[in-house]
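Just below is one structure, and these are the notes that go with it.
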Amino acid sequence: MASETKTDEKTGRKYFLDYPDDPEGPVTFLLNLHGGGSAGVWQRSYFPAYRYVDQCRLVVATPTAATAEPMRHWAEDADDEHLINIVESVADRFGSEAIRAFWLVGHSQGGMTSRRLLTKEYFAGRVDGWLSLSGGRLGQQAEIAPDFLPPGLAADGRPRPFRLSEPPPIDTDVSFIFSTGRHEIVELPEVSPWAERLGAGQRVRQADVVDDRAGEVHDTRWNGNSSKGWGFEPRPGTAEVWIYPGARDGRVVADVVRLDKGHTEGLEPKVSQALLDLIESAPGGRLSGIG
């Protein structure tokens with residue numbers, strides 16, 4: 001694979017760009033967004049798609065949000081221009097006709113930002129799918145676990161209740177994959193209004209994904225004072241995979257639940273591969289204008 005630290009010529013901001021050693025031919029483009037309080041360097045290892053760029057023929061751009069206070073987070077006025085510039089640069093470099101599919105990937109607040117981007121004309125007309133890594137679920141949210149936040153985030157030593165804000169509606173039809181740690185949520189909904197919107201059937205459980213290797217990173221700020229919902233150190237595990245078959249135009253709708261995991265344990269190798277396989281099975285072509 002090839003890896004570069006690229007500079008957005010219009011803003012002067014840097015981002016990671018990973019791509020196949022042989023970049024000629026069709027590729028799938030992932031715009032990989034970190035969560036609140038994080039940065040691109042952490043996100044690159046949390047969802048290590050860069051390790052699969054040759055195997056899956058990926059181009060992965062992983063930027064860092066500009067706003068740092070009160071914690072680093074994505075903001076419309078500070079970041080949207082930069083993200084558009086990255087998309088334009090990737091399309092120019094690899095050729096828009098060679099980009100088989102374009103997916104937004106976002107962890108936590110990066111997932112919420114992905115959803116917001118899908119309400120914008122630029123992204124709504126170009127994005128083929130969204131992979132939400134604990135960043136909200138289309139159609140019906142999964143209720144957040146009461147002990148989601150670690151005690152260290154509350155002044156009185158007790159976790160504060162956490163609620164997702166009402167997300168903006170999305171009018172564009174995209175493939176959608178929701179991945180979550182089991183300890184983050186009370187229960188995964190058994191239905192998907194997004195799947196119903198796309199004409200898919202009831203969910204069907206696939207074979208579990210069993211990993212004997214751990215992910216690469218976790219939130220080290222709360223070592224010894226975290227919660228199951230927030231997550232502990234990376235470790236091997238098992239993930240349940242649910243598919244909603246028969247979605248219109250071959251689109252993919254899926255839920256992936258990582259058992260005995262929380263919000264911040266980095267994704268295990270086989271789970272990462274399974275998510276990328278789902279992405280590869282979905283149609284594309286919006287960015288290239290071919291689909």
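Lettering and numbering for the structure tokens are positional, with chains as A, B, ... in the shown order, residues counted from 1 in each chain, and ligands counted from 1 in the shown order.
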
(request) Would you mind listing what lies within 12 Å of Thr220 of chain A as a ChimeraX atom specification, with only C-alpha atoms counted and same-chain residues fewer than 6 positions away left out? (result) /A:38,42,150,226,230-234,264-266

Can you spit out the residues from that selection as a PDB file, in the first residue's frame, using N, CA and C atoms?
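Final output, saved to part.pdb:
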```
ATOM      1  N   SER A  38     -11.338  13.385  19.489  1.00  0.00           N
ATOM      2  CA  SER A  38     -10.341  12.501  18.882  1.00  0.00           C
ATOM      3  C   SER A  38      -9.604  13.251  17.776  1.00  0.00           C
ATOM      4  N   TRP A  42      -5.886   8.853  15.428  1.00  0.00           N
ATOM      5  CA  TRP A  42      -6.540   7.811  16.233  1.00  0.00           C
ATOM      6  C   TRP A  42      -7.583   7.071  15.391  1.00  0.00           C
ATOM      7  N   PRO A 150     -18.044   7.232  30.913  1.00  0.00           N
ATOM      8  CA  PRO A 150     -17.237   6.807  32.074  1.00  0.00           C
ATOM      9  C   PRO A 150     -17.424   7.759  33.245  1.00  0.00           C
ATOM     10  N   SER A 226     -13.000   3.697  33.452  1.00  0.00           N
ATOM     11  CA  SER A 226     -13.930   3.745  32.330  1.00  0.00           C
ATOM     12  C   SER A 226     -15.210   3.017  32.705  1.00  0.00           C
ATOM     13  N   TRP A 230     -18.465   2.857  27.644  1.00  0.00           N
ATOM     14  CA  TRP A 230     -17.431   3.641  26.963  1.00  0.00           C
ATOM     15  C   TRP A 230     -16.356   2.735  26.391  1.00  0.00           C
ATOM     16  N   GLY A 231     -16.001   1.678  27.113  1.00  0.00           N
ATOM     17  CA  GLY A 231     -15.055   0.707  26.594  1.00  0.00           C
ATOM     18  C   GLY A 231     -13.773   0.612  27.399  1.00  0.00           C
ATOM     19  N   PHE A 232     -13.166  -0.563  27.335  1.00  0.00           N
ATOM     20  CA  PHE A 232     -11.916  -0.834  28.032  1.00  0.00           C
ATOM     21  C   PHE A 232     -10.805  -1.040  27.006  1.00  0.00           C
ATOM     22  N   GLU A 233      -9.789  -1.788  27.377  1.00  0.00           N
ATOM     23  CA  GLU A 233      -8.692  -2.040  26.441  1.00  0.00           C
ATOM     24  C   GLU A 233      -9.152  -2.969  25.317  1.00  0.00           C
ATOM     25  N   PRO A 234      -8.540  -2.881  24.142  1.00  0.00           N
ATOM     26  CA  PRO A 234      -8.914  -3.768  23.029  1.00  0.00           C
ATOM     27  C   PRO A 234      -8.685  -5.232  23.392  1.00  0.00           C
ATOM     28  N   THR A 264     -15.301   2.718  22.458  1.00  0.00           N
ATOM     29  CA  THR A 264     -13.989   3.185  22.005  1.00  0.00           C
ATOM     30  C   THR A 264     -12.953   2.096  21.760  1.00  0.00           C
ATOM     31  N   GLU A 265     -13.298   0.824  21.937  1.00  0.00           N
ATOM     32  CA  GLU A 265     -12.333  -0.219  21.581  1.00  0.00           C
ATOM     33  C   GLU A 265     -12.188  -0.289  20.063  1.00  0.00           C
ATOM     34  N   GLY A 266     -10.951  -0.219  19.582  1.00  0.00           N
ATOM     35  CA  GLY A 266     -10.719  -0.276  18.150  1.00  0.00           C
ATOM     36  C   GLY A 266     -11.271  -1.545  17.527  1.00  0.00           C
TER      37      GLY A 266
END
```

(message) I'd like the neighbourhood of Pro189 of chain A as a list in words, where a residue qualifies if any of its atoms comes within 9 Å (using only C-alpha atoms), though same-chain residues fewer than 6 positions away should be ignored.
(response)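 The contact residues come out as Gln140, Gln141, Ala142 and Glu143 of chain A.
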
(message) Using DSSP assignments from the backbone, pull out every residue in segment 96-236 of chain A that falls under strand (DSSP E or B) and give it to me as a PyMOL selection string.
(response) chain A and resi 99-107+129-133+144+175-181+185+204-205+209-211

Next, write the just-selected residues to a file, as a PDB file, in the first residue's frame, keeping N, CA and C atoms as the atom set.
```
ATOM      1  N   ILE A  99     -13.622   5.724  -9.481  1.00  0.00           N
ATOM      2  CA  ILE A  99     -14.126   5.554  -8.118  1.00  0.00           C
ATOM      3  C   ILE A  99     -15.433   4.765  -8.183  1.00  0.00           C
ATOM      4  N   ARG A 100     -15.314   3.487  -7.878  1.00  0.00           N
ATOM      5  CA  ARG A 100     -16.456   2.576  -7.974  1.00  0.00           C
ATOM      6  C   ARG A 100     -17.566   2.971  -7.017  1.00  0.00           C
ATOM      7  N   ALA A 101     -17.196   3.414  -5.822  1.00  0.00           N
ATOM      8  CA  ALA A 101     -18.177   3.820  -4.821  1.00  0.00           C
ATOM      9  C   ALA A 101     -17.522   4.794  -3.856  1.00  0.00           C
ATOM     10  N   PHE A 102     -18.340   5.663  -3.273  1.00  0.00           N
ATOM     11  CA  PHE A 102     -17.892   6.663  -2.316  1.00  0.00           C
ATOM     12  C   PHE A 102     -18.719   6.504  -1.046  1.00  0.00           C
ATOM     13  N   TRP A 103     -18.043   6.221   0.073  1.00  0.00           N
ATOM     14  CA  TRP A 103     -18.710   6.014   1.366  1.00  0.00           C
ATOM     15  C   TRP A 103     -18.194   6.993   2.404  1.00  0.00           C
ATOM     16  N   LEU A 104     -19.121   7.505   3.195  1.00  0.00           N
ATOM     17  CA  LEU A 104     -18.771   8.221   4.416  1.00  0.00           C
ATOM     18  C   LEU A 104     -18.647   7.208   5.539  1.00  0.00           C
ATOM     19  N   VAL A 105     -17.602   7.338   6.337  1.00  0.00           N
ATOM     20  CA  VAL A 105     -17.388   6.497   7.515  1.00  0.00           C
ATOM     21  C   VAL A 105     -17.193   7.441   8.693  1.00  0.00           C
ATOM     22  N   GLY A 106     -17.917   7.220   9.791  1.00  0.00           N
ATOM     23  CA  GLY A 106     -17.756   8.124  10.914  1.00  0.00           C
ATOM     24  C   GLY A 106     -17.975   7.449  12.245  1.00  0.00           C
ATOM     25  N   HIS A 107     -17.069   7.696  13.178  1.00  0.00           N
ATOM     26  CA  HIS A 107     -17.208   7.193  14.537  1.00  0.00           C
ATOM     27  C   HIS A 107     -17.815   8.287  15.425  1.00  0.00           C
ATOM     28  N   GLY A 129     -22.910   5.376   0.195  1.00  0.00           N
ATOM     29  CA  GLY A 129     -23.242   4.689   1.438  1.00  0.00           C
ATOM     30  C   GLY A 129     -22.622   5.360   2.639  1.00  0.00           C
ATOM     31  N   TRP A 130     -23.145   4.994   3.806  1.00  0.00           N
ATOM     32  CA  TRP A 130     -22.649   5.521   5.079  1.00  0.00           C
ATOM     33  C   TRP A 130     -22.436   4.350   6.032  1.00  0.00           C
ATOM     34  N   LEU A 131     -21.219   4.254   6.567  1.00  0.00           N
ATOM     35  CA  LEU A 131     -20.895   3.305   7.625  1.00  0.00           C
ATOM     36  C   LEU A 131     -20.836   4.084   8.929  1.00  0.00           C
ATOM     37  N   SER A 132     -21.811   3.849   9.804  1.00  0.00           N
ATOM     38  CA  SER A 132     -21.878   4.521  11.098  1.00  0.00           C
ATOM     39  C   SER A 132     -21.219   3.642  12.149  1.00  0.00           C
ATOM     40  N   LEU A 133     -20.093   4.091  12.677  1.00  0.00           N
ATOM     41  CA  LEU A 133     -19.384   3.383  13.735  1.00  0.00           C
ATOM     42  C   LEU A 133     -19.786   4.027  15.059  1.00  0.00           C
ATOM     43  N   ILE A 144     -29.263   4.587  24.033  1.00  0.00           N
ATOM     44  CA  ILE A 144     -27.935   4.563  24.640  1.00  0.00           C
ATOM     45  C   ILE A 144     -28.016   3.979  26.046  1.00  0.00           C
ATOM     46  N   SER A 175     -26.911   3.178   0.775  1.00  0.00           N
ATOM     47  CA  SER A 175     -26.681   1.996   1.595  1.00  0.00           C
ATOM     48  C   SER A 175     -26.271   2.452   2.990  1.00  0.00           C
ATOM     49  N   PHE A 176     -26.602   1.630   4.009  1.00  0.00           N
ATOM     50  CA  PHE A 176     -26.326   2.041   5.375  1.00  0.00           C
ATOM     51  C   PHE A 176     -25.943   0.840   6.236  1.00  0.00           C
ATOM     52  N   ILE A 177     -24.800   0.953   6.900  1.00  0.00           N
ATOM     53  CA  ILE A 177     -24.327  -0.075   7.825  1.00  0.00           C
ATOM     54  C   ILE A 177     -24.143   0.571   9.192  1.00  0.00           C
ATOM     55  N   PHE A 178     -24.768  -0.015  10.203  1.00  0.00           N
ATOM     56  CA  PHE A 178     -24.639   0.466  11.580  1.00  0.00           C
ATOM     57  C   PHE A 178     -23.844  -0.534  12.386  1.00  0.00           C
ATOM     58  N   SER A 179     -22.750  -0.080  12.988  1.00  0.00           N
ATOM     59  CA  SER A 179     -21.934  -0.923  13.850  1.00  0.00           C
ATOM     60  C   SER A 179     -21.884  -0.316  15.239  1.00  0.00           C
ATOM     61  N   THR A 180     -22.021  -1.151  16.257  1.00  0.00           N
ATOM     62  CA  THR A 180     -22.029  -0.649  17.632  1.00  0.00           C
ATOM     63  C   THR A 180     -21.461  -1.698  18.573  1.00  0.00           C
ATOM     64  N   GLY A 181     -20.929  -1.240  19.695  1.00  0.00           N
ATOM     65  CA  GLY A 181     -20.591  -2.141  20.779  1.00  0.00           C
ATOM     66  C   GLY A 181     -21.846  -2.497  21.559  1.00  0.00           C
ATOM     67  N   ILE A 185     -25.444   0.223  24.011  1.00  0.00           N
ATOM     68  CA  ILE A 185     -26.883   0.380  23.791  1.00  0.00           C
ATOM     69  C   ILE A 185     -27.672  -0.513  24.740  1.00  0.00           C
ATOM     70  N   VAL A 204     -32.111 -10.738   8.620  1.00  0.00           N
ATOM     71  CA  VAL A 204     -31.666 -12.125   8.612  1.00  0.00           C
ATOM     72  C   VAL A 204     -30.282 -12.172   9.256  1.00  0.00           C
ATOM     73  N   ARG A 205     -30.128 -13.026  10.254  1.00  0.00           N
ATOM     74  CA  ARG A 205     -28.834 -13.110  10.925  1.00  0.00           C
ATOM     75  C   ARG A 205     -27.852 -13.914  10.090  1.00  0.00           C
ATOM     76  N   VAL A 209     -19.068 -13.138  13.369  1.00  0.00           N
ATOM     77  CA  VAL A 209     -17.660 -12.878  13.063  1.00  0.00           C
ATOM     78  C   VAL A 209     -16.866 -13.075  14.345  1.00  0.00           C
ATOM     79  N   VAL A 210     -15.956 -14.024  14.350  1.00  0.00           N
ATOM     80  CA  VAL A 210     -15.187 -14.361  15.549  1.00  0.00           C
ATOM     81  C   VAL A 210     -13.736 -13.945  15.339  1.00  0.00           C
ATOM     82  N   ASP A 211     -13.263 -13.035  16.190  1.00  0.00           N
ATOM     83  CA  ASP A 211     -11.901 -12.534  16.098  1.00  0.00           C
ATOM     84  C   ASP A 211     -11.054 -13.077  17.235  1.00  0.00           C
TER      85      ASP A 211
END
```

(message) Env of segment 22-28 of chain A: 9 Å cut, atoms = only C-alpha atoms, seq-sep filter 5 positions within chain, self excluded. Answer as a ChimeraX atom specification.
(response) /A:1-2,53-54,56-60,94,97-103,279-280,284

(message) So, with only C-alpha atoms as the atoms that count, which of A:Gly12, A:Gly262, A:Gly289, A:Gly246 lies closest to Asp147 of chain A?
(response)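 Of A:Gly12, A:Gly262, A:Gly289, A:Gly246, the one nearest Asp147 of chain A, counting only C-alpha atoms, is A:Gly262.
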
(message) Using only C-alpha atoms for the distances, tell me which of A:Pro48, A:Pro146, A:Pro168, A:Gly110 is nearest to Leu275 of chain A.
(response)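 For Leu275 of chain A, the nearest of the candidates is A:Pro48.
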
(request) Can you check which residues of segment 95-209 of chain A DSSP gives as helix (DSSP H, G or I) on the backbone and send them as a PyMOL selection string? (result) chain A and resi 96-98+109-117+121-124+151-153+182-184+193-197

Would you mind exporting the chosen residues as a PDB file, in the first residue's frame, restricted to C-alpha atoms?
```pdb
ATOM      1  CA  SER A  96     -13.784  10.143 -10.799  1.00  0.00           C
ATOM      2  CA  GLU A  97     -14.606   7.459 -13.378  1.00  0.00           C
ATOM      3  CA  ALA A  98     -12.356   5.024 -11.452  1.00  0.00           C
ATOM      4  CA  GLN A 109     -19.636  12.574  16.388  1.00  0.00           C
ATOM      5  CA  GLY A 110     -17.976  11.778  13.085  1.00  0.00           C
ATOM      6  CA  GLY A 111     -20.964   9.539  12.346  1.00  0.00           C
ATOM      7  CA  MET A 112     -23.366  12.315  13.272  1.00  0.00           C
ATOM      8  CA  THR A 113     -21.385  14.590  10.968  1.00  0.00           C
ATOM      9  CA  SER A 114     -21.668  12.025   8.165  1.00  0.00           C
ATOM     10  CA  ARG A 115     -25.426  12.123   8.597  1.00  0.00           C
ATOM     11  CA  ARG A 116     -25.429  15.916   8.465  1.00  0.00           C
ATOM     12  CA  LEU A 117     -23.295  15.874   5.311  1.00  0.00           C
ATOM     13  CA  GLU A 121     -26.558  18.825  -1.858  1.00  0.00           C
ATOM     14  CA  TYR A 122     -22.876  18.227  -2.601  1.00  0.00           C
ATOM     15  CA  PHE A 123     -22.658  14.988  -0.627  1.00  0.00           C
ATOM     16  CA  ALA A 124     -26.243  13.804  -1.161  1.00  0.00           C
ATOM     17  CA  PRO A 151     -17.406   8.160  35.632  1.00  0.00           C
ATOM     18  CA  GLY A 152     -14.449  10.410  34.860  1.00  0.00           C
ATOM     19  CA  LEU A 153     -16.665  12.566  32.647  1.00  0.00           C
ATOM     20  CA  ARG A 182     -23.201  -4.180  22.647  1.00  0.00           C
ATOM     21  CA  HIS A 183     -22.513  -2.361  25.919  1.00  0.00           C
ATOM     22  CA  GLU A 184     -23.192   1.034  24.305  1.00  0.00           C
ATOM     23  CA  PRO A 193     -37.311   1.885   8.963  1.00  0.00           C
ATOM     24  CA  TRP A 194     -34.442   2.702   6.610  1.00  0.00           C
ATOM     25  CA  ALA A 195     -34.539  -0.845   5.259  1.00  0.00           C
ATOM     26  CA  GLU A 196     -38.312  -0.553   4.881  1.00  0.00           C
ATOM     27  CA  ARG A 197     -37.871   2.708   2.975  1.00  0.00           C
TER      28      ARG A 197
END
```

(message) Considering only C-alpha atoms, can you say which of A:Lys120, A:Arg13, A:Arg258, A:His263 comes closest to Val241 of chain A?
(response)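 Once distances to Val241 of chain A are computed over only C-alpha atoms, the minimum belongs to A:Arg258.
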
(request) Show which residues sit within 9 Å of Leu276 of chain A, as a ChimeraX atom specification. Count only C-alpha atoms, and ignore same-chain residues fewer than 4 positions away. (result) /A:49,52,56,271-272,280-281

Take the residues just selected and output them with N, CA and C atoms as a PDB file, in the first residue's frame.
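Result file follows (again-v2.pdb):
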```pdb
ATOM      1  N   ALA A  49      -8.974   0.721   8.056  1.00  0.00           N
ATOM      2  CA  ALA A  49      -9.212   0.376   6.652  1.00  0.00           C
ATOM      3  C   ALA A  49      -7.934   0.495   5.832  1.00  0.00           C
ATOM      4  N   TYR A  52      -6.212  -2.529   4.474  1.00  0.00           N
ATOM      5  CA  TYR A  52      -6.887  -3.346   3.463  1.00  0.00           C
ATOM      6  C   TYR A  52      -6.929  -2.657   2.100  1.00  0.00           C
ATOM      7  N   CYS A  56      -8.658  -4.770  -0.805  1.00  0.00           N
ATOM      8  CA  CYS A  56     -10.019  -4.340  -1.178  1.00  0.00           C
ATOM      9  C   CYS A  56     -10.021  -3.185  -2.170  1.00  0.00           C
ATOM     10  N   VAL A 271     -13.699  -8.104  12.000  1.00  0.00           N
ATOM     11  CA  VAL A 271     -14.864  -7.214  11.950  1.00  0.00           C
ATOM     12  C   VAL A 271     -14.634  -6.130  10.906  1.00  0.00           C
ATOM     13  N   SER A 272     -13.426  -5.558  10.902  1.00  0.00           N
ATOM     14  CA  SER A 272     -13.100  -4.557   9.881  1.00  0.00           C
ATOM     15  C   SER A 272     -13.276  -5.138   8.487  1.00  0.00           C
ATOM     16  N   GLU A 280     -18.201  -3.452  -0.131  1.00  0.00           N
ATOM     17  CA  GLU A 280     -17.876  -3.889  -1.485  1.00  0.00           C
ATOM     18  C   GLU A 280     -19.058  -4.557  -2.180  1.00  0.00           C
ATOM     19  N   SER A 281     -19.995  -5.108  -1.399  1.00  0.00           N
ATOM     20  CA  SER A 281     -21.151  -5.782  -1.997  1.00  0.00           C
ATOM     21  C   SER A 281     -22.240  -4.814  -2.429  1.00  0.00           C
TER      22      SER A 281
END
```

(request) For Arg235 of chain A, work out the shell of residues within 10 Å, counting only C-alpha atoms and skipping chain neighbours fewer than 4 positions away, then give it as number ranges by chain. (result) A: 211-217, 260-261, 265-268

(message) Could you check the closest approach to Gly237 of chain A for each of A:Leu259, A:Val174, A:Val253, A:Ala68 and tell me which residue wins, using only C-alpha atoms?
(response)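 So, comparing all the options, the nearest one is A:Leu259.
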
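Interatomic distance, atom CA of Arg251 of chain A to atom CA of Pro283 of chain A: 6.1 Å.
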
(message) Set the distance at 12 Å and use only C-alpha atoms: which residues neighbour Thr62 of chain A once local chain neighbours fewer than 2 positions away are removed? I'd like the list as number ranges by chain.
(response) A: 3-7, 13-19, 29-35, 38-50, 59-60, 64-65, 82-83, 86-87, 90, 104-107, 110

(request) Rounded to one decimal place, report the atom CA of Leu149 of chain A-atom CA of Ser227 of chain A distance in Å. (result)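 Atom-to-atom, atom CA of Leu149 of chain A and atom CA of Ser227 of chain A are spaced 6.7 Å apart.
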